[in-house]
$ cat upload23.csv   # CSV, C-alpha atoms
chain,number,residue,atom,x,y,z
A,5,MET,CA,-122.2,-28.3,46.7
A,6,ARG,CA,-121.6,-26.9,50.2
A,7,ILE,CA,-118.3,-25.1,50.5
A,8,GLY,CA,-116.7,-23.7,53.7
A,9,ILE,CA,-114.0,-21.0,53.6
A,10,LEU,CA,-111.6,-20.7,56.5
A,11,SER,CA,-110.4,-17.1,56.5
A,12,LYS,CA,-109.4,-14.2,58.8
A,13,ARG,CA,-111.9,-11.9,57.1
A,14,GLU,CA,-114.9,-12.0,54.8
A,15,THR,CA,-113.8,-9.2,52.4
A,16,GLY,CA,-111.3,-8.9,49.6
A,17,LEU,CA,-110.5,-12.1,47.7
A,18,VAL,CA,-112.7,-14.2,49.9
A,19,GLU,CA,-115.7,-12.1,49.0
A,20,GLU,CA,-114.9,-12.6,45.3
A,21,LEU,CA,-114.6,-16.3,45.7
A,22,SER,CA,-117.8,-16.5,47.7
A,23,ASN,CA,-119.7,-14.6,45.1
A,24,PHE,CA,-118.5,-16.7,42.3
A,25,PHE,CA,-119.4,-20.0,44.0
A,26,MET,CA,-122.9,-18.7,45.0
A,27,GLU,CA,-123.6,-17.5,41.5
A,28,ASN,CA,-122.8,-21.0,40.3
A,29,GLY,CA,-125.2,-22.7,42.6
A,30,HIS,CA,-123.0,-23.6,45.6
A,31,LYS,CA,-123.8,-22.9,49.2
A,32,ILE,CA,-121.1,-20.9,51.0
A,33,SER,CA,-120.2,-20.7,54.7
A,34,ILE,CA,-117.3,-18.4,55.8
A,35,TYR,CA,-115.6,-19.3,59.0
A,36,THR,CA,-113.6,-16.6,60.8
A,37,SER,CA,-112.0,-16.7,64.3
A,38,GLU,CA,-115.4,-15.4,65.6
A,39,ASN,CA,-117.5,-18.4,64.5
A,40,LEU,CA,-115.0,-21.2,63.8
A,41,LYS,CA,-115.4,-24.3,66.1
A,42,VAL,CA,-113.2,-27.3,65.3
A,43,ASN,CA,-115.7,-30.1,65.9
A,44,SER,CA,-118.2,-32.2,64.0
A,45,SER,CA,-120.2,-29.2,63.0
A,46,LEU,CA,-117.6,-28.8,60.2
A,47,PHE,CA,-118.8,-32.0,58.6
A,48,ASP,CA,-121.8,-30.1,57.1
A,49,ASN,CA,-119.7,-29.0,54.1
A,50,ASP,CA,-118.4,-31.1,51.2
A,51,LEU,CA,-115.2,-29.0,50.5
A,52,TYR,CA,-113.2,-26.4,52.4
A,53,ILE,CA,-110.9,-23.6,51.2
A,54,LEU,CA,-108.0,-22.7,53.5
A,55,LYS,CA,-107.5,-19.0,52.9
A,56,SER,CA,-105.6,-18.2,56.1
A,57,LYS,CA,-102.4,-19.7,57.6
A,58,GLN,CA,-103.2,-18.7,61.1
A,59,LEU,CA,-102.9,-21.6,63.5
A,60,LEU,CA,-106.6,-21.9,64.3
A,61,PHE,CA,-107.4,-22.4,60.6
A,62,LEU,CA,-104.5,-24.7,60.1
A,63,TYR,CA,-105.7,-26.9,63.0
A,64,ALA,CA,-109.2,-26.9,61.5
A,65,GLY,CA,-107.6,-28.1,58.2
A,66,TYR,CA,-105.8,-30.9,59.9
A,67,PHE,CA,-109.0,-31.9,61.6
A,68,LEU,CA,-110.9,-32.0,58.3
A,69,GLN,CA,-108.1,-34.0,56.7
A,70,LEU,CA,-108.3,-36.6,59.4
A,71,ASN,CA,-112.0,-36.9,58.7
A,72,ASN,CA,-111.5,-37.3,55.0
A,73,ILE,CA,-113.1,-34.0,54.0
A,74,PRO,CA,-111.3,-32.3,51.1
A,75,ILE,CA,-109.5,-29.0,51.9
A,76,ILE,CA,-107.6,-26.8,49.4
A,77,PRO,CA,-104.7,-25.9,49.7
A,78,ASP,CA,-103.3,-28.8,51.7
A,79,PRO,CA,-102.9,-27.6,55.4
A,80,THR,CA,-99.6,-29.4,55.8
A,81,ILE,CA,-98.1,-27.5,52.8
A,82,SER,CA,-99.6,-24.3,54.2
A,83,TYR,CA,-98.0,-24.9,57.6
A,84,ILE,CA,-94.6,-25.5,56.0
A,85,HIS,CA,-94.8,-22.2,54.2
A,86,LYS,CA,-95.8,-20.3,57.4
A,87,HIS,CA,-92.9,-21.6,59.5
A,88,ARG,CA,-89.6,-19.8,58.5
A,89,VAL,CA,-87.4,-22.8,59.2
A,90,GLU,CA,-89.7,-25.3,57.4
A,91,THR,CA,-89.9,-22.9,54.5
A,92,TYR,CA,-86.2,-22.5,54.3
A,93,PHE,CA,-85.6,-26.3,54.1
A,94,SER,CA,-88.5,-26.8,51.7
A,95,MET,CA,-86.8,-24.3,49.3
A,96,LYS,CA,-83.4,-26.0,49.7
A,97,LYS,CA,-84.9,-29.4,49.0
A,98,CYS,CA,-86.3,-28.0,45.7
A,99,GLY,CA,-82.8,-26.8,44.8
A,100,LEU,CA,-83.6,-23.1,45.0
A,101,ASN,CA,-81.1,-20.5,45.9
A,102,THR,CA,-81.6,-18.8,49.3
A,103,PRO,CA,-79.8,-16.3,51.4
A,104,GLN,CA,-77.3,-17.5,54.1
A,105,ILE,CA,-79.2,-18.1,57.3
A,106,TYR,CA,-78.4,-18.1,61.0
A,107,MET,CA,-80.6,-19.8,63.7
A,108,GLY,CA,-80.1,-19.6,67.4
A,109,THR,CA,-80.1,-17.1,70.2
A,110,PRO,CA,-78.6,-13.6,69.9
A,111,ARG,CA,-76.1,-14.6,72.5
A,112,SER,CA,-74.9,-17.6,70.4
A,113,ILE,CA,-75.1,-15.9,67.0
A,114,LYS,CA,-73.6,-12.4,67.5
A,115,LYS,CA,-70.3,-13.5,69.1
A,116,ASP,CA,-69.2,-15.2,65.9
A,117,LEU,CA,-70.4,-12.5,63.4
A,118,LYS,CA,-67.9,-10.2,61.7
A,119,ALA,CA,-68.7,-6.7,60.6
A,120,SER,CA,-68.9,-7.9,57.0
A,121,ASP,CA,-71.7,-10.3,58.0
A,122,TYR,CA,-74.1,-7.4,58.6
A,123,PRO,CA,-76.7,-6.3,57.8
A,124,LEU,CA,-79.0,-9.2,58.8
A,125,ILE,CA,-82.7,-9.6,58.6
A,126,VAL,CA,-84.5,-11.1,61.7
A,127,LYS,CA,-87.8,-12.8,61.0
A,128,PRO,CA,-90.4,-14.3,63.3
A,129,LEU,CA,-90.3,-18.1,63.3
A,130,MET,CA,-94.0,-18.2,62.4
A,131,GLY,CA,-95.3,-15.8,59.9
A,132,SER,CA,-95.4,-14.6,56.4
A,133,GLY,CA,-95.0,-11.3,54.5
A,134,SER,CA,-93.1,-8.5,56.1
A,135,LYS,CA,-94.8,-8.5,59.5
A,136,GLY,CA,-92.3,-8.5,62.4
A,137,ILE,CA,-89.2,-8.3,60.2
A,138,LYS,CA,-86.3,-6.1,61.4
A,139,ILE,CA,-82.9,-5.1,60.0
A,140,ILE,CA,-79.9,-5.8,62.2
A,141,LYS,CA,-77.1,-3.4,61.2
A,142,SER,CA,-74.7,-4.2,64.0
A,143,SER,CA,-74.4,-6.2,67.2
A,144,LYS,CA,-76.0,-3.2,69.0
A,145,ASP,CA,-79.3,-3.9,67.3
A,146,PHE,CA,-79.9,-7.3,68.7
A,147,GLU,CA,-82.8,-7.8,71.1
A,148,ASN,CA,-82.2,-7.5,74.9
A,149,ASP,CA,-83.4,-11.0,75.4
A,150,LEU,CA,-80.2,-12.8,74.5
A,151,ASN,CA,-81.7,-16.3,75.1
A,152,LYS,CA,-84.6,-15.9,72.7
A,153,ILE,CA,-84.3,-18.3,69.7
A,154,LEU,CA,-84.4,-16.2,66.4
A,155,TYR,CA,-84.2,-16.7,62.7
A,156,PHE,CA,-81.8,-14.5,60.7
A,157,GLU,CA,-81.0,-14.1,57.0
A,158,LYS,CA,-78.2,-12.3,55.4
A,159,PHE,CA,-79.5,-9.1,53.9
A,160,ILE,CA,-79.2,-9.2,50.1
A,161,LYS,CA,-78.6,-6.1,48.0
A,162,GLY,CA,-80.4,-6.3,44.7
A,163,ILE,CA,-83.7,-6.1,42.8
A,164,HIS,CA,-86.6,-7.4,44.9
A,165,TYR,CA,-89.5,-9.2,43.1
A,166,LEU,CA,-93.0,-10.2,43.9
A,167,ALA,CA,-93.9,-13.2,41.7
A,168,TYR,CA,-97.4,-14.6,41.5
A,169,PHE,CA,-98.7,-17.6,39.7
A,170,ILE,CA,-102.3,-18.8,39.1
A,171,GLY,CA,-102.2,-22.1,37.2
A,172,ASP,CA,-99.8,-21.5,34.2
A,173,LYS,CA,-100.2,-17.7,34.4
A,174,ILE,CA,-97.4,-15.6,35.9
A,175,CYS,CA,-97.4,-12.0,37.1
A,176,VAL,CA,-94.1,-10.5,38.3
A,177,GLY,CA,-93.2,-7.0,39.6
A,178,GLU,CA,-90.3,-5.2,41.1
A,179,LYS,CA,-91.0,-4.0,44.7
A,180,GLN,CA,-89.4,-2.1,47.5
A,181,PRO,CA,-87.1,-4.2,49.8
A,182,LEU,CA,-89.0,-5.8,52.7
A,183,ALA,CA,-92.4,-4.5,51.3
A,184,ASN,CA,-95.3,-6.8,51.7
A,185,GLU,CA,-97.7,-8.1,49.0
A,186,HIS,CA,-99.8,-5.0,49.1
A,187,GLY,CA,-97.0,-2.5,48.4
A,188,LYS,CA,-96.7,-0.8,45.0
A,189,ILE,CA,-94.9,-2.8,42.3
A,190,LYS,CA,-93.6,-2.2,38.8
A,191,VAL,CA,-94.8,-5.0,36.6
A,192,ILE,CA,-92.1,-6.5,34.4
A,193,GLU,CA,-91.8,-9.3,31.8
A,194,PRO,CA,-90.3,-12.2,33.9
A,195,GLU,CA,-87.0,-13.5,32.9
A,196,LYS,CA,-86.5,-17.2,32.2
A,197,ASP,CA,-84.9,-18.0,35.6
A,198,ILE,CA,-87.9,-16.4,37.4
A,199,LYS,CA,-90.3,-18.5,35.4
A,200,ASN,CA,-88.2,-21.6,36.1
A,201,VAL,CA,-88.1,-21.0,39.9
A,202,LEU,CA,-91.9,-20.6,40.0
A,203,LYS,CA,-92.4,-23.8,38.0
A,204,ILE,CA,-90.0,-25.8,40.3
A,205,TRP,CA,-91.8,-24.6,43.4
A,206,ARG,CA,-95.3,-25.0,42.0
A,207,ASN,CA,-94.6,-28.6,40.8
A,208,ALA,CA,-92.7,-29.6,44.0
A,209,TYR,CA,-95.9,-29.0,46.1
A,210,ASN,CA,-98.6,-29.5,43.5
A,211,LEU,CA,-99.8,-25.9,44.0
A,212,LEU,CA,-102.7,-24.3,42.1
A,213,PHE,CA,-101.6,-20.8,42.9
A,214,GLY,CA,-99.2,-18.8,45.2
A,215,HIS,CA,-96.4,-16.4,45.2
A,216,LEU,CA,-92.7,-16.1,45.9
A,217,ASP,CA,-90.6,-13.2,47.0
A,218,MET,CA,-87.2,-13.1,45.2
A,219,ILE,CA,-84.1,-11.0,45.0
A,220,ARG,CA,-81.7,-10.7,42.1
A,221,GLU,CA,-78.4,-10.1,43.9
A,222,THR,CA,-76.5,-7.1,42.5
A,223,LYS,CA,-73.0,-8.6,42.9
A,224,SER,CA,-73.6,-12.0,41.4
A,225,ASN,CA,-76.9,-11.5,39.4
A,226,LYS,CA,-78.0,-14.7,41.2
A,227,LEU,CA,-81.7,-15.1,41.9
A,228,LEU,CA,-82.5,-16.0,45.5
A,229,VAL,CA,-85.9,-16.9,47.0
A,230,VAL,CA,-86.6,-15.2,50.4
A,231,ASP,CA,-90.3,-15.9,51.1
A,232,THR,CA,-93.2,-18.0,50.0
A,233,GLY,CA,-97.0,-17.9,50.0
A,234,THR,CA,-99.6,-20.5,49.3
A,235,PHE,CA,-102.7,-18.3,49.1
A,236,PRO,CA,-102.0,-14.5,48.7
A,237,GLU,CA,-104.6,-11.8,48.2
A,238,PHE,CA,-103.2,-11.2,44.7
A,239,SER,CA,-103.4,-7.5,45.5
A,240,ASN,CA,-100.9,-6.8,42.7
A,241,TRP,CA,-102.1,-9.2,40.1
A,242,LYS,CA,-102.1,-7.1,36.9
A,243,LEU,CA,-102.7,-9.6,34.0
A,244,ASP,CA,-106.5,-9.5,34.1
A,245,ASN,CA,-109.4,-8.6,36.4
A,246,ASP,CA,-111.0,-12.1,36.5
A,247,TYR,CA,-108.3,-13.9,38.5
A,248,GLY,CA,-110.9,-14.8,41.2
A,249,THR,CA,-112.8,-16.9,38.7
A,250,GLU,CA,-109.7,-18.7,37.6
A,251,ILE,CA,-108.8,-19.5,41.2
A,252,CYS,CA,-112.3,-20.9,41.8
A,253,ASN,CA,-112.2,-23.0,38.7
A,254,LEU,CA,-108.8,-24.5,39.7
A,255,ILE,CA,-110.2,-25.3,43.1
A,256,LEU,CA,-113.3,-27.0,41.7
A,257,LYS,CA,-111.1,-29.0,39.2
A,258,ARG,CA,-108.8,-30.1,42.1
A,259,TYR,CA,-111.9,-31.1,44.1
A,260,GLU,CA,-113.1,-33.4,41.3
A,261,GLU,CA,-109.6,-34.9,41.1
A,262,ILE,CA,-109.6,-35.6,44.8
A,263,LYS,CA,-113.1,-37.2,44.7
A,264,GLY,CA,-111.9,-39.3,41.7
$ encode --input "upload23.csv" --output "structure tokens"
Amino acid sequence: MRIGILSKRETGLVEELSNFFMENGHKISIYTSENLKVNSSLFDNDLYILKSKQLLFLYAGYFLQLNNIPIIPDPTISYIHKHRVETYFSMKKCGLNTPQIYMGTPRSIKKDLKASDYPLIVKPLMGSGSKGIKIIKSSKDFENDLNKILYFEKFIKGIHYLAYFIGDKICVGEKQPLANEHGKIKVIEPEKDIKNVLKIWRNAYNLLFGHLDMIRETKSNKLLVVDTGTFPEFSNWKLDNDYGTEICNLILKRYEEIKG
């Protein structure tokens, strides 16, 4: 089979996936921003793997879908979990607990905030992980452009978790607040509610793998979901060293299901 991988880079997990597929007789083409052209040349492959949520790769995914070429994960689901507002509403639709949010311009938001509403987290509308995230401790920390539309979350004090899943396997660790996937974690045995949240989210979007960032609030002990990811690097996966093989096998199984 001919498999195309849409990715920002050719190293890391992409290299592991590529090696597995080639060792099992498949032909691999990796498309980065340097060589990706969204046109009929993409029809040369039987299956695509969408590793990046950058818009160029998402648009390529939509193009492939329209032309009935299987792509995993679904680019529509990947887009939802790249856009902060879409992500928030997707989590609420699943019944998951989330922090209080504020959407609007700094001009419209800050005039109604009380001192007790701070600190806030401001996040880019499009993005994932911790890139571009800032803490707003008071009205003085708002950006100078008062008419720029922004997305804010109430900062939650508590224990922060990075929670992965690959199929039915789960790996969870405590992490530093606002740290990205690659930061150091302390692996823990996940509590029942963490497992349940992962199961709800996985089943809601029929996901093969992914991760959630969660916080257990100190005051209420409530578990809140603050970020999602459909295809992480699994930099902190600690259960075993062969997770790349498991991801590949899940992708191949899903491909067979799609083809019927």
$ atom_distance --input "upload23.csv" --atom1 "CA of Asn207 (chain A)" --atom2 "CA of Glu260 (chain A)"
19.1 Å
$ atom_distance --input "upload23.csv" --atom1 "CA of Leu21 (chain A)" --atom2 "CA of Gly8 (chain A)"
11.1 Å
$ closest_residue --input "upload23.csv" --among "A:Ile219, A:Leu59, A:Leu228, A:Ile160" --to "Lys179 (chain A)" --atoms "all atoms listed in the file"
A:Ile219
$ closest_residue --input "upload23.csv" --among "A:Gln104, A:Ser22, A:Asn49, A:Asn240" --to "Met5 (chain A)" --atoms "only C-alpha atoms"
A:Asn49
$ residues_near_point --input "upload23.csv" --point "(-103.8, -27.8, 49.0)" --cutoff "10 Å" --atoms "only C-alpha atoms" --output "number ranges by chain"
A: 53-54, 65, 74-82, 209-213, 234-235, 255, 258
$ atom_distance --input "upload23.csv" --atom1 "CA of Tyr155 (chain A)" --atom2 "CA of Ser56 (chain A)"
22.4 Å
$ residues_around --input "upload23.csv" --residues "Trp205 (chain A)" --least-positions-apart "4" --cutoff "8 Å" --atoms "only C-alpha atoms" --output "CSV table (one decimal) with C-alpha atoms, in the frame of the given file"
chain,number,residue,atom,x,y,z
A,95,MET,CA,-86.8,-24.3,49.3
A,98,CYS,CA,-86.3,-28.0,45.7
A,201,VAL,CA,-88.1,-21.0,39.9
A,209,TYR,CA,-95.9,-29.0,46.1
$ residues_around --input "upload23.csv" --residues "Phe169 (chain A)" --least-positions-apart "5" --cutoff "8 Å" --atoms "all atoms listed in the file" --output "PDB file with C-alpha atoms, in the coordinates of the input"
ATOM      1  CA  ILE A 174     -97.400 -15.600  35.900  1.00  0.00           C
ATOM      2  CA  CYS A 175     -97.400 -12.000  37.100  1.00  0.00           C
ATOM      3  CA  LEU A 202     -91.900 -20.600  40.000  1.00  0.00           C
ATOM      4  CA  PHE A 213    -101.600 -20.800  42.900  1.00  0.00           C
ATOM      5  CA  GLY A 214     -99.200 -18.800  45.200  1.00  0.00           C
ATOM      6  CA  HIS A 215     -96.400 -16.400  45.200  1.00  0.00           C
TER       7      HIS A 215
END
$ closest_residue --input "upload23.csv" --among "A:Ser120, A:Gln180, A:Ser33, A:Ser44" --to "Ile9 (chain A)" --atoms "all atoms listed in the file"
A:Ser33
$ closest_residue --input "upload23.csv" --among "A:Glu193, A:Glu14, A:Glu157, A:Glu178" --to "Leu129 (chain A)" --atoms "only C-alpha atoms"
A:Glu157
$ closest_residue --input "upload23.csv" --among "A:Gly248, A:Pro236, A:Pro181, A:Pro128" --to "Phe159 (chain A)" --atoms "all atoms listed in the file"
A:Pro181
$ residues_near_point --input "upload23.csv" --point "(-89.5, -17.1, 37.0)" --cutoff "12 Å" --atoms "all atoms listed in the file" --output "PyMOL selection string"
chain A and resi 100+165-169+172-177+192-206+215-220+227-229
$ residues_around --input "upload23.csv" --residues "Leu117 (chain A)" --least-positions-apart "5" --cutoff "12 Å" --atoms "only C-alpha atoms" --output "ChimeraX atom specification"
/A:106,110-112,122-124,140-143,156,158
$ write_last_selection --input "upload23.csv" --atoms "C-alpha atoms" --output "CSV table (one decimal), in the frame of the given file"
chain,number,residue,atom,x,y,z
A,106,TYR,CA,-78.4,-18.1,61.0
A,110,PRO,CA,-78.6,-13.6,69.9
A,111,ARG,CA,-76.1,-14.6,72.5
A,112,SER,CA,-74.9,-17.6,70.4
A,122,TYR,CA,-74.1,-7.4,58.6
A,123,PRO,CA,-76.7,-6.3,57.8
A,124,LEU,CA,-79.0,-9.2,58.8
A,140,ILE,CA,-79.9,-5.8,62.2
A,141,LYS,CA,-77.1,-3.4,61.2
A,142,SER,CA,-74.7,-4.2,64.0
A,143,SER,CA,-74.4,-6.2,67.2
A,156,PHE,CA,-81.8,-14.5,60.7
A,158,LYS,CA,-78.2,-12.3,55.4
$ residues_around --input "upload23.csv" --residues "Lys127 (chain A)" --least-positions-apart "3" --cutoff "12 Å" --atoms "all atoms listed in the file" --output "ChimeraX atom specification"
/A:86-89,92,105-107,124,130-140,153-159,182,230-231
$ residues_around --input "upload23.csv" --residues "Ser11 (chain A)" --least-positions-apart "5" --cutoff "10 Å" --atoms "all atoms listed in the file" --output "PyMOL selection string"
chain A and resi 18+34-37+40+53-58+60-61
$ closest_residue --input "upload23.csv" --among "A:Gly187, A:Gly108, A:Pro103, A:Gly171" --to "Asn151 (chain A)" --atoms "only C-alpha atoms"
A:Gly108
$ axis_aligned_box --input "upload23.csv" --around "region 39-49 of chain A" --padding-each-side "4 Å" --output "AutoDock Vina command-line options"
--center_x -117.5 --center_y -25.3 --center_z 60.1 --size_x 16.6 --size_y 21.8 --size_z 20.0
